[in-house]
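Asks: Structure provided below as structure tokens; questions to follow.
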Amino acid sequence: MSSLASRANPLFNSLPHFLTWRALGFRTICSGRLGFAPSDPDPPLAGTKVLETFKEEFEIGSRLITLETGKIARFANGSVVLGMEGTKVLATVTAAKGDSVRDFLPLTVMASVLSSDGKQDPDVMAANATSVALMLSDIPWGGPIGVIRIGRICGQFIVNPTMDELSLSDLNLVYACTKDKTLMIDVQAREILEKDLEAGLRLAHPEAVKYLEPQIRLAARAGKNKKDYKLSMVSEKTLEEVRNLAETQIESVFTDSSYGKFERGEALDNITQDVRRKLEEDCDEESLNVLPKAIDTVRKQVVRRRIISEGFRVDGRRLDEVRPLYCEAGNLPLLHGSSLFSRGDTQVLCAVTLGGPGDAQRMESLVGPPTKRFMLHYSFPPFSINEVGKRVGLNRREVGHGTLAEKALLAVLPPEDDFPYTVRVNSEVMASDGSTSMATVCGGSMALMDAGIPLQEHVAGVSVGLVSEVDPSTGEIKDYRILTDILGLEDHLGDMDFKIAGTRNGVTAIQLDIKPAGIPLDIICECLEHARKGRHQILDHMEREISAPRTQDDRNRPRIATLKFSNDVLRQLIGPLGAVKTKIEEETGARLSVSDGTLTIIAKNQIVMEKAQEKIDFMVGREIEIGGVYKGIVTSIKEYGAFIEFNGGQQGLLHISELSHEPVSKVSDVVSVGQQLSLMCIGRDVRGNIKLSLKATLLQPGQSKTNNVAEGPVPAMNETPKVWASVESVSNEQDEVKPMAELLVNRRVVSSTSSSPALLIRSVEECDEEEKSAGLSEDSNITSKTSQASKRNRKSKTNLPKNDDSHSPFPSSVIFSHTEDSLNNNEAEVEAPISAKNLKLGTKVTAKIYQIRRHGLVLDLGGGVRAMYRFETNGKRDFELGNELRVKCTSFSSKGVPIMSLVDAY
């Protein structure tokens, strides 16, 4: 430093030491300002650059937060590093230079994650760091602002939750505000009640305000002086002139509710052209330059004044009225799921595609899961607003709208353990006149149900607007009106676009956009009730169109099946470099996806699905179960019977006595080698040998065809099927969120003929070998050791749940069918503890109401056993949690869940 100063000015060499900067305790700061150097007895080494840094530390939500500036990115107008534990975020702000007059401020914000410990999502940190950087810069703005994240676990709110805590939370609330007004709200929730959401908002505001004072202190120490920027403004003289020329005509357009979107726009454009011609005649260049802005200001004043004073909107609706609705599900029958949703002139077409686990989107974010199994893509083509343009990829608006709709629907999807499929929703905006993101939520919900995905509740969304009257002297709102289901014009001319989506049970997603510099939180909370009422109106229409997931009975509908195999079998199915898997896909037309011991088959219809399953069965075999009917080929004939080979090389014995209902003297008289037969596995003998029967699949003399045994495999009984249920709170006390699969008893009740475990068929060689070793005659029972090579493990799940009762979320099919007399004869009183063994048809027991569902009750029978009671038509609905009911077991569902009826009147 001294040598540089000497070369620049020789007079520095003649100054006494006591007059130099260093001797006086001063040093040069990088920004050009001067400051006192710390009293350090050890001066820095020659050539060392000294960086002056400023730091603030404070605590929010039991976590230490640091703000540091002066060390990094010093050329930016403002820069700061915000740290929370091991995560650090750099925010920089820059503004365009020059003295030209503009109607906007060219501003760029850049936020970079310098380090991440994986505990915190850096998005909220980046927002707060940007506020600090603007405070430190010379850019004028109305800050500071504070941003906070709130979670909720077991009913307790958490400030600044970690990623692990968010995974357990039923609320992810991001809230931004100034000292006394709300700026932004973003919510993802699991059907949270409006009153609970309001409590979270009122907690978030004071916590976010804690960010403000440290920013002010840091800016006072290290901030720059704010620059003056000249903004282009419409003069009062020009505004008054345009108002006199156009206000009356604009008012006549906005008071005529017969105008549609484009008719209204055309009429307003004609008014603008008339005003332009008048100004050109008067040679008023100043007014011509700002004519579009002046006309827009007059339009805004006319619309807002009419809403405030008269309570009517431009299309003639009341303030709380939803536009006319049109809903259609399954309009594209060849797709997995589809829907068409229209609200007013806004129209959205949604399509659902199902895929295997391997189709999940891979994520490269710093925090969160590495894959995403549910994707919603929102597209806004130019033709939706009658414009010419090219579709060149997603823009920021499309990404934001799609993300909001995705969060709204994600809350009601079944858990991944019960629903391992990848789901993609495509939303194409066909026509736009406001709130297309909320229309996407409605259309997406119907399309998901049309695809057979078991959503417990529909999700609908509605956008709420605000028109306020502000005191010009104080800036405070002195009067306002809340608008339900806003038009595009009301969004443009109003103060707020408050998008709220949810079910009848509560809110699932929120996004708040505002135009003024903040809105009081009391008004925001008041809007929640308006949105709830509007949402319920929309849900009524959606439920009339489709109220339950569709069944997959149509053979032309796409199919998905999930099969469980051992790792050895999966490696066999994949083959070297995936050659076997590719061959199966080419020969059958199906797609195979392998993940974590699971093989997922995706087929465009039932015929393709059967081809793929037969191909796989041929390669790896299948698990044979008692009561199941299977196709096999006769491989050899003995005097005592015939050996049958199934796909995969498995074999079983068809004894001569099971060939026909009539006596058979010779096996070859009935069957021949190479013949294909449909046989039933009827059990095993005392020595454990498998027995097959042909006569069990044939008609007895005089028997009608309706009693014939249905051909086809019986679903595997050794795995409890899972119910795809939504994640929801089960009580007002915020019990731990559980899916329906955990609420219902994990058991299956089957008839005695199928209660034995699944059996594997033995080969001919094994039977012959053990027969010889035992010294038995050819017509004796056959015993053998089970072949280890044939013990292939296969468990299958249903591809999509079937619900024949369109008004009930519970399965309606039952395994047993008994008359009332037989049921009464089997009635028995069972005292606690109840168990799966002593619960039979007709059993009476006292049960407690464990959960109240929309169409029925989940009952706790004690001993860990749960049962169902369906509401009868026009039945009572005044049940309460914990009430005891006297019930009787009347049947079992296809999932093995006991179905009860009331014994005594409640």
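Here's how to read the names in the structure tokens: chain A, B, ... by the order shown, residue numbers from 1 in each chain, ligand numbers from 1 in the order shown.
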Hey, what's within 6 Å of Val187 in chain A if we count only C-alpha atoms and toss same-chain stuff fewer than 4 positions away? As a compact mmCIF listing (two decimals) with N, CA, C and O atoms, in the first residue's frame, please?
Replies:
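Output (out39.txt):
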```txt
# COMPACT_ATOMS: atom_id res chain seq x y z
N ASN A 172 -47.53 -27.48 5.17
CA ASN A 172 -46.31 -26.81 4.73
C ASN A 172 -46.73 -25.41 4.29
O ASN A 172 -47.17 -25.20 3.17
N LEU A 173 -46.60 -24.46 5.21
CA LEU A 173 -47.07 -23.09 5.00
C LEU A 173 -45.88 -22.16 4.88
O LEU A 173 -45.02 -22.11 5.77
N ALA A 509 -54.23 -26.93 -0.82
CA ALA A 509 -53.20 -26.06 -1.43
C ALA A 509 -53.74 -24.64 -1.52
O ALA A 509 -54.94 -24.42 -1.70
N ILE A 510 -52.79 -23.69 -1.40
CA ILE A 510 -53.12 -22.26 -1.48
C ILE A 510 -51.99 -21.54 -2.18
O ILE A 510 -50.81 -21.87 -2.00
```
Asks: Can you tell me, as a list in words, what residues are no more than 8 Å from Val303 in chain A when counting only C-alpha atoms, ignoring any on the same chain fewer than 4 positions away?
Replies: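 Counting only C-alpha atoms, the residues come to Glu251, Phe254, Arg299, Ile307, Arg313, Val314 and Leu493 of chain A.
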Asks: Produce a file of the selected residues containing all heavy atoms, as a tab-separated table (two decimals), in the first residue's frame.
Replies:
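File written: result.tsv
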```tsv
chain	number	residue	atom	x	y	z
A	251	GLU	N	-68.32	2.55	-19.10
A	251	GLU	CA	-69.32	2.17	-18.11
A	251	GLU	C	-70.46	1.40	-18.76
A	251	GLU	O	-70.99	0.43	-18.20
A	251	GLU	CB	-69.84	3.43	-17.42
A	251	GLU	CG	-70.26	3.19	-15.98
A	251	GLU	CD	-70.49	4.50	-15.25
A	251	GLU	OE1	-71.63	5.00	-15.33
A	251	GLU	OE2	-69.54	5.00	-14.64
A	254	PHE	N	-69.30	-2.23	-19.32
A	254	PHE	CA	-69.17	-3.02	-18.11
A	254	PHE	C	-70.49	-3.26	-17.39
A	254	PHE	O	-70.58	-4.13	-16.53
A	254	PHE	CB	-68.18	-2.35	-17.15
A	254	PHE	CG	-66.75	-2.50	-17.57
A	254	PHE	CD1	-65.82	-1.50	-17.31
A	254	PHE	CD2	-66.31	-3.64	-18.21
A	254	PHE	CE1	-64.49	-1.64	-17.69
A	254	PHE	CE2	-64.99	-3.79	-18.60
A	254	PHE	CZ	-64.08	-2.78	-18.35
A	299	ARG	N	-60.63	2.25	-16.92
A	299	ARG	CA	-61.36	0.98	-16.82
A	299	ARG	C	-61.34	0.46	-15.40
A	299	ARG	O	-62.37	0.02	-14.86
A	299	ARG	CB	-60.74	-0.05	-17.76
A	299	ARG	CG	-60.90	0.22	-19.24
A	299	ARG	CD	-60.15	-0.84	-20.03
A	299	ARG	NE	-60.19	-0.61	-21.45
A	299	ARG	CZ	-59.50	-1.34	-22.34
A	299	ARG	NH1	-58.70	-2.31	-21.91
A	299	ARG	NH2	-59.58	-1.07	-23.63
A	307	ILE	N	-68.34	-2.26	-8.33
A	307	ILE	CA	-68.34	-3.39	-7.40
A	307	ILE	C	-68.49	-2.90	-5.96
A	307	ILE	O	-69.26	-3.47	-5.16
A	307	ILE	CB	-67.05	-4.22	-7.57
A	307	ILE	CG1	-67.06	-4.95	-8.92
A	307	ILE	CG2	-66.89	-5.22	-6.44
A	307	ILE	CD1	-65.78	-5.69	-9.23
A	313	ARG	N	-70.91	-7.34	-10.63
A	313	ARG	CA	-69.69	-7.55	-11.40
A	313	ARG	C	-69.97	-7.38	-12.89
A	313	ARG	O	-71.13	-7.25	-13.31
A	313	ARG	CB	-69.15	-8.94	-11.08
A	313	ARG	CG	-68.87	-9.09	-9.59
A	313	ARG	CD	-68.90	-10.53	-9.12
A	313	ARG	NE	-67.74	-11.27	-9.59
A	313	ARG	CZ	-67.42	-12.47	-9.13
A	313	ARG	NH1	-68.16	-13.07	-8.21
A	313	ARG	NH2	-66.35	-13.08	-9.59
A	314	VAL	N	-68.90	-7.43	-13.68
A	314	VAL	CA	-69.04	-7.12	-15.11
A	314	VAL	C	-69.91	-8.13	-15.85
A	314	VAL	O	-70.53	-7.80	-16.87
A	314	VAL	CB	-67.65	-7.04	-15.78
A	314	VAL	CG1	-66.87	-5.87	-15.24
A	314	VAL	CG2	-66.88	-8.34	-15.59
A	493	LEU	N	-57.89	-6.18	-12.99
A	493	LEU	CA	-58.28	-4.89	-12.44
A	493	LEU	C	-58.45	-4.91	-10.93
A	493	LEU	O	-58.63	-3.86	-10.32
A	493	LEU	CB	-59.60	-4.42	-13.08
A	493	LEU	CG	-59.58	-4.27	-14.60
A	493	LEU	CD1	-60.94	-3.86	-15.11
A	493	LEU	CD2	-58.52	-3.25	-15.03
```
Asks: List every residue of range 164-211 of chain A that DSSP, applied to the backbone of this structure, places in strand (DSSP E or B), and write the result as a PyMOL selection string.
Replies: chain A and resi 171-177+182-192
Asks: Restricting the calculation to only C-alpha atoms: of A:Leu679, A:Leu105, A:Leu483, A:Ile385, which residue gets closest to Leu231 in chain A?
Replies: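 Smallest separation from Leu231 in chain A among the options: A:Leu105.
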Asks: Skip range 398-406 of chain A itself and residues of its chain fewer than 3 positions away, then list as an MDAnalysis selection string all residues within 8 Å of it, counting only C-alpha atoms.
Replies: chainID A and resid 374:380 394:395 409:410 437:438 440:441 509:511
Asks: Can you list, as a PDB file with N, CA and C atoms, in the first residue's frame, every protein, DNA or RNA residue that comes within 7 Å of range 498-501 of chain A when you count only C-alpha atoms, leaving out same-chain residues fewer than 4 positions away?
Replies:
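Okay, this is what ended up in result_36.pdb:
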```
ATOM      1  N   ALA A 408     -52.203 -29.586  -4.864  1.00  0.00           N
ATOM      2  CA  ALA A 408     -53.586 -29.720  -4.425  1.00  0.00           C
ATOM      3  C   ALA A 408     -54.071 -31.155  -4.518  1.00  0.00           C
ATOM      4  N   VAL A 459     -61.213 -33.179  -5.172  1.00  0.00           N
ATOM      5  CA  VAL A 459     -60.548 -31.916  -4.868  1.00  0.00           C
ATOM      6  C   VAL A 459     -61.026 -30.888  -5.872  1.00  0.00           C
ATOM      7  N   ALA A 460     -61.409 -29.727  -5.371  1.00  0.00           N
ATOM      8  CA  ALA A 460     -61.837 -28.626  -6.242  1.00  0.00           C
ATOM      9  C   ALA A 460     -61.107 -27.362  -5.821  1.00  0.00           C
ATOM     10  N   GLY A 461     -61.013 -26.430  -6.736  1.00  0.00           N
ATOM     11  CA  GLY A 461     -60.341 -25.168  -6.446  1.00  0.00           C
ATOM     12  C   GLY A 461     -61.137 -23.990  -6.957  1.00  0.00           C
ATOM     13  N   VAL A 462     -61.016 -22.873  -6.272  1.00  0.00           N
ATOM     14  CA  VAL A 462     -61.690 -21.647  -6.677  1.00  0.00           C
ATOM     15  C   VAL A 462     -60.787 -20.480  -6.333  1.00  0.00           C
ATOM     16  N   SER A 463     -60.851 -19.447  -7.145  1.00  0.00           N
ATOM     17  CA  SER A 463     -60.021 -18.265  -6.940  1.00  0.00           C
ATOM     18  C   SER A 463     -60.882 -17.145  -6.379  1.00  0.00           C
ATOM     19  N   VAL A 464     -60.398 -16.519  -5.315  1.00  0.00           N
ATOM     20  CA  VAL A 464     -61.106 -15.436  -4.637  1.00  0.00           C
ATOM     21  C   VAL A 464     -60.361 -14.137  -4.901  1.00  0.00           C
ATOM     22  N   GLY A 465     -61.107 -13.086  -5.269  1.00  0.00           N
ATOM     23  CA  GLY A 465     -60.515 -11.793  -5.554  1.00  0.00           C
ATOM     24  C   GLY A 465     -60.896 -10.749  -4.522  1.00  0.00           C
ATOM     25  N   VAL A 507     -58.529 -27.817   3.384  1.00  0.00           N
ATOM     26  CA  VAL A 507     -57.692 -27.203   2.345  1.00  0.00           C
ATOM     27  C   VAL A 507     -56.499 -28.097   2.055  1.00  0.00           C
ATOM     28  N   THR A 508     -56.148 -28.202   0.765  1.00  0.00           N
ATOM     29  CA  THR A 508     -54.963 -28.966   0.365  1.00  0.00           C
ATOM     30  C   THR A 508     -53.874 -28.091  -0.255  1.00  0.00           C
ATOM     31  N   ALA A 509     -54.226 -26.931  -0.817  1.00  0.00           N
ATOM     32  CA  ALA A 509     -53.205 -26.064  -1.431  1.00  0.00           C
ATOM     33  C   ALA A 509     -53.736 -24.643  -1.519  1.00  0.00           C
ATOM     34  N   ILE A 510     -52.794 -23.686  -1.400  1.00  0.00           N
ATOM     35  CA  ILE A 510     -53.123 -22.261  -1.479  1.00  0.00           C
ATOM     36  C   ILE A 510     -51.989 -21.538  -2.178  1.00  0.00           C
ATOM     37  N   GLN A 511     -52.348 -20.537  -2.978  1.00  0.00           N
ATOM     38  CA  GLN A 511     -51.360 -19.616  -3.533  1.00  0.00           C
ATOM     39  C   GLN A 511     -51.995 -18.229  -3.577  1.00  0.00           C
ATOM     40  N   LEU A 512     -51.320 -17.254  -2.995  1.00  0.00           N
ATOM     41  CA  LEU A 512     -51.823 -15.886  -2.930  1.00  0.00           C
ATOM     42  C   LEU A 512     -50.955 -14.966  -3.769  1.00  0.00           C
ATOM     43  N   ASP A 513     -51.586 -14.267  -4.727  1.00  0.00           N
ATOM     44  CA  ASP A 513     -50.926 -13.230  -5.521  1.00  0.00           C
ATOM     45  C   ASP A 513     -51.649 -11.915  -5.261  1.00  0.00           C
ATOM     46  N   ALA A 531     -64.128 -18.921   0.075  1.00  0.00           N
ATOM     47  CA  ALA A 531     -63.602 -19.979  -0.789  1.00  0.00           C
ATOM     48  C   ALA A 531     -64.216 -21.325  -0.448  1.00  0.00           C
TER      49      ALA A 531
END
```
Asks: If you count only C-alpha atoms, which residues fall within 8 Å of Lys695 in chain A, apart from same-chain ones fewer than 2 positions away, as a ChimeraX atom specification?
Replies: /A:658-661,693,697-699
Asks: Could you check how far CA of Gly674 in chain A sits from CA of Ser636 in chain A, in Å to one decimal?
Replies: 8.5 Å
Asks: Take CA of Gln700 in chain A and CA of Val629 in chain A and report the distance between them in Å, one decimal.
Replies: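 Separation between CA of Gln700 in chain A and CA of Val629 in chain A: 17.1 Å.
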Asks: Between CA of Glu321 in chain A and CA of Val348 in chain A, what is the distance in Å, rounded to a tenth?
Replies: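 CA of Val348 in chain A lies at a distance of 20.3 Å from CA of Glu321 in chain A.
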Asks: Would you give me, as a PyMOL selection string, the residues in range 68-171 of chain A that DSSP reads as helix (DSSP H, G or I)?
Replies: chain A and resi 122-136+163-168
Asks: Keeping only C-alpha atoms, write the selected residues as a CSV table (one decimal), in the first residue's frame.
Replies:
```csv
chain,number,residue,atom,x,y,z
A,122,PRO,CA,-33.2,-23.2,1.1
A,123,ASP,CA,-36.2,-21.5,-0.7
A,124,VAL,CA,-37.3,-19.5,2.4
A,125,MET,CA,-33.7,-18.6,3.2
A,126,ALA,CA,-33.3,-17.3,-0.4
A,127,ALA,CA,-36.4,-15.1,0.0
A,128,ASN,CA,-35.1,-13.5,3.2
A,129,ALA,CA,-31.6,-13.1,1.8
A,130,THR,CA,-33.0,-11.2,-1.2
A,131,SER,CA,-34.8,-8.8,1.2
A,132,VAL,CA,-31.5,-8.2,3.0
A,133,ALA,CA,-29.6,-7.6,-0.3
A,134,LEU,CA,-32.2,-5.0,-1.4
A,135,MET,CA,-31.9,-3.3,2.0
A,136,LEU,CA,-28.2,-3.1,1.6
A,163,MET,CA,-37.0,-31.6,5.9
A,164,ASP,CA,-37.5,-34.6,8.3
A,165,GLU,CA,-40.1,-32.8,10.2
A,166,LEU,CA,-41.9,-31.7,7.0
A,167,SER,CA,-42.1,-35.4,6.0
A,168,LEU,CA,-44.3,-35.9,9.1
```
Asks: Restricting the calculation to only C-alpha atoms, which member of A:Ile616, A:Val253, A:Leu354, A:Ile486 is positioned closest to Tyr421 in chain A?
Replies: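 Closest to Tyr421 in chain A, using only C-alpha atoms: A:Leu354.
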Asks: For Gly358 in chain A, which of A:Gly260, A:Gly862, A:Gly118, A:Pro420 is the closest residue, counting only C-alpha atoms?
Replies: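 Among the listed residues, A:Pro420 lies closest to Gly358 in chain A.
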Asks: What's around Gly494 in chain A at 8 Å? Count only C-alpha atoms, leave out sequence neighbours fewer than 6 positions away in its own chain, and write the answer as a list in words.
Replies: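 These residues fall inside the cut-off: Lys300, Arg304, Gly465, Leu466, Val467 and Lys515 of chain A.
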Asks: Can you tell me which residues surround Ala517 in chain A at a distance of at most 9 Å, considering only C-alpha atoms, apart from same-chain residues fewer than 2 positions away, and format the answer as a PDB file with N, CA, C and O atoms, in the first residue's frame?
Replies:
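This went into part-v7.pdb:
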```pdb
ATOM      1  N   GLY A 142     -39.778  -0.850  -0.891  1.00  0.00           N
ATOM      2  CA  GLY A 142     -40.584  -0.619   0.304  1.00  0.00           C
ATOM      3  C   GLY A 142     -40.391  -1.634   1.388  1.00  0.00           C
ATOM      4  O   GLY A 142     -41.287  -1.813   2.217  1.00  0.00           O
ATOM      5  N   THR A 178     -44.903  -7.772   5.453  1.00  0.00           N
ATOM      6  CA  THR A 178     -44.227  -6.607   6.007  1.00  0.00           C
ATOM      7  C   THR A 178     -44.577  -6.555   7.495  1.00  0.00           C
ATOM      8  O   THR A 178     -45.060  -7.545   8.048  1.00  0.00           O
ATOM      9  N   LYS A 181     -48.738  -6.177   7.155  1.00  0.00           N
ATOM     10  CA  LYS A 181     -49.566  -6.662   6.056  1.00  0.00           C
ATOM     11  C   LYS A 181     -48.995  -7.932   5.446  1.00  0.00           C
ATOM     12  O   LYS A 181     -47.785  -8.160   5.472  1.00  0.00           O
ATOM     13  N   THR A 182     -49.903  -8.716   4.876  1.00  0.00           N
ATOM     14  CA  THR A 182     -49.534  -9.970   4.216  1.00  0.00           C
ATOM     15  C   THR A 182     -49.149  -9.709   2.768  1.00  0.00           C
ATOM     16  O   THR A 182     -49.814  -8.945   2.068  1.00  0.00           O
ATOM     17  N   LEU A 183     -48.080 -10.355   2.322  1.00  0.00           N
ATOM     18  CA  LEU A 183     -47.610 -10.208   0.951  1.00  0.00           C
ATOM     19  C   LEU A 183     -47.823 -11.469   0.120  1.00  0.00           C
ATOM     20  O   LEU A 183     -48.194 -11.389  -1.051  1.00  0.00           O
ATOM     21  N   ILE A 514     -50.899 -10.849  -4.995  1.00  0.00           N
ATOM     22  CA  ILE A 514     -51.525  -9.552  -4.737  1.00  0.00           C
ATOM     23  C   ILE A 514     -50.829  -8.477  -5.560  1.00  0.00           C
ATOM     24  O   ILE A 514     -49.691  -8.648  -5.997  1.00  0.00           O
ATOM     25  N   LYS A 515     -51.521  -7.350  -5.760  1.00  0.00           N
ATOM     26  CA  LYS A 515     -50.966  -6.215  -6.496  1.00  0.00           C
ATOM     27  C   LYS A 515     -50.575  -5.060  -5.595  1.00  0.00           C
ATOM     28  O   LYS A 515     -49.560  -4.420  -5.835  1.00  0.00           O
ATOM     29  N   ILE A 519     -51.795  -6.753   2.126  1.00  0.00           N
ATOM     30  CA  ILE A 519     -53.208  -6.803   2.477  1.00  0.00           C
ATOM     31  C   ILE A 519     -53.301  -7.242   3.931  1.00  0.00           C
ATOM     32  O   ILE A 519     -52.595  -8.164   4.349  1.00  0.00           O
TER      33      ILE A 519
END
```
Asks: Which residue is closest to His492 in chain A? Choose from A:Asp418, A:Asp296, A:Glu645, A:Asp359 and count only C-alpha atoms.
Replies: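 Selected residue with least distance to His492 in chain A: A:Asp296.
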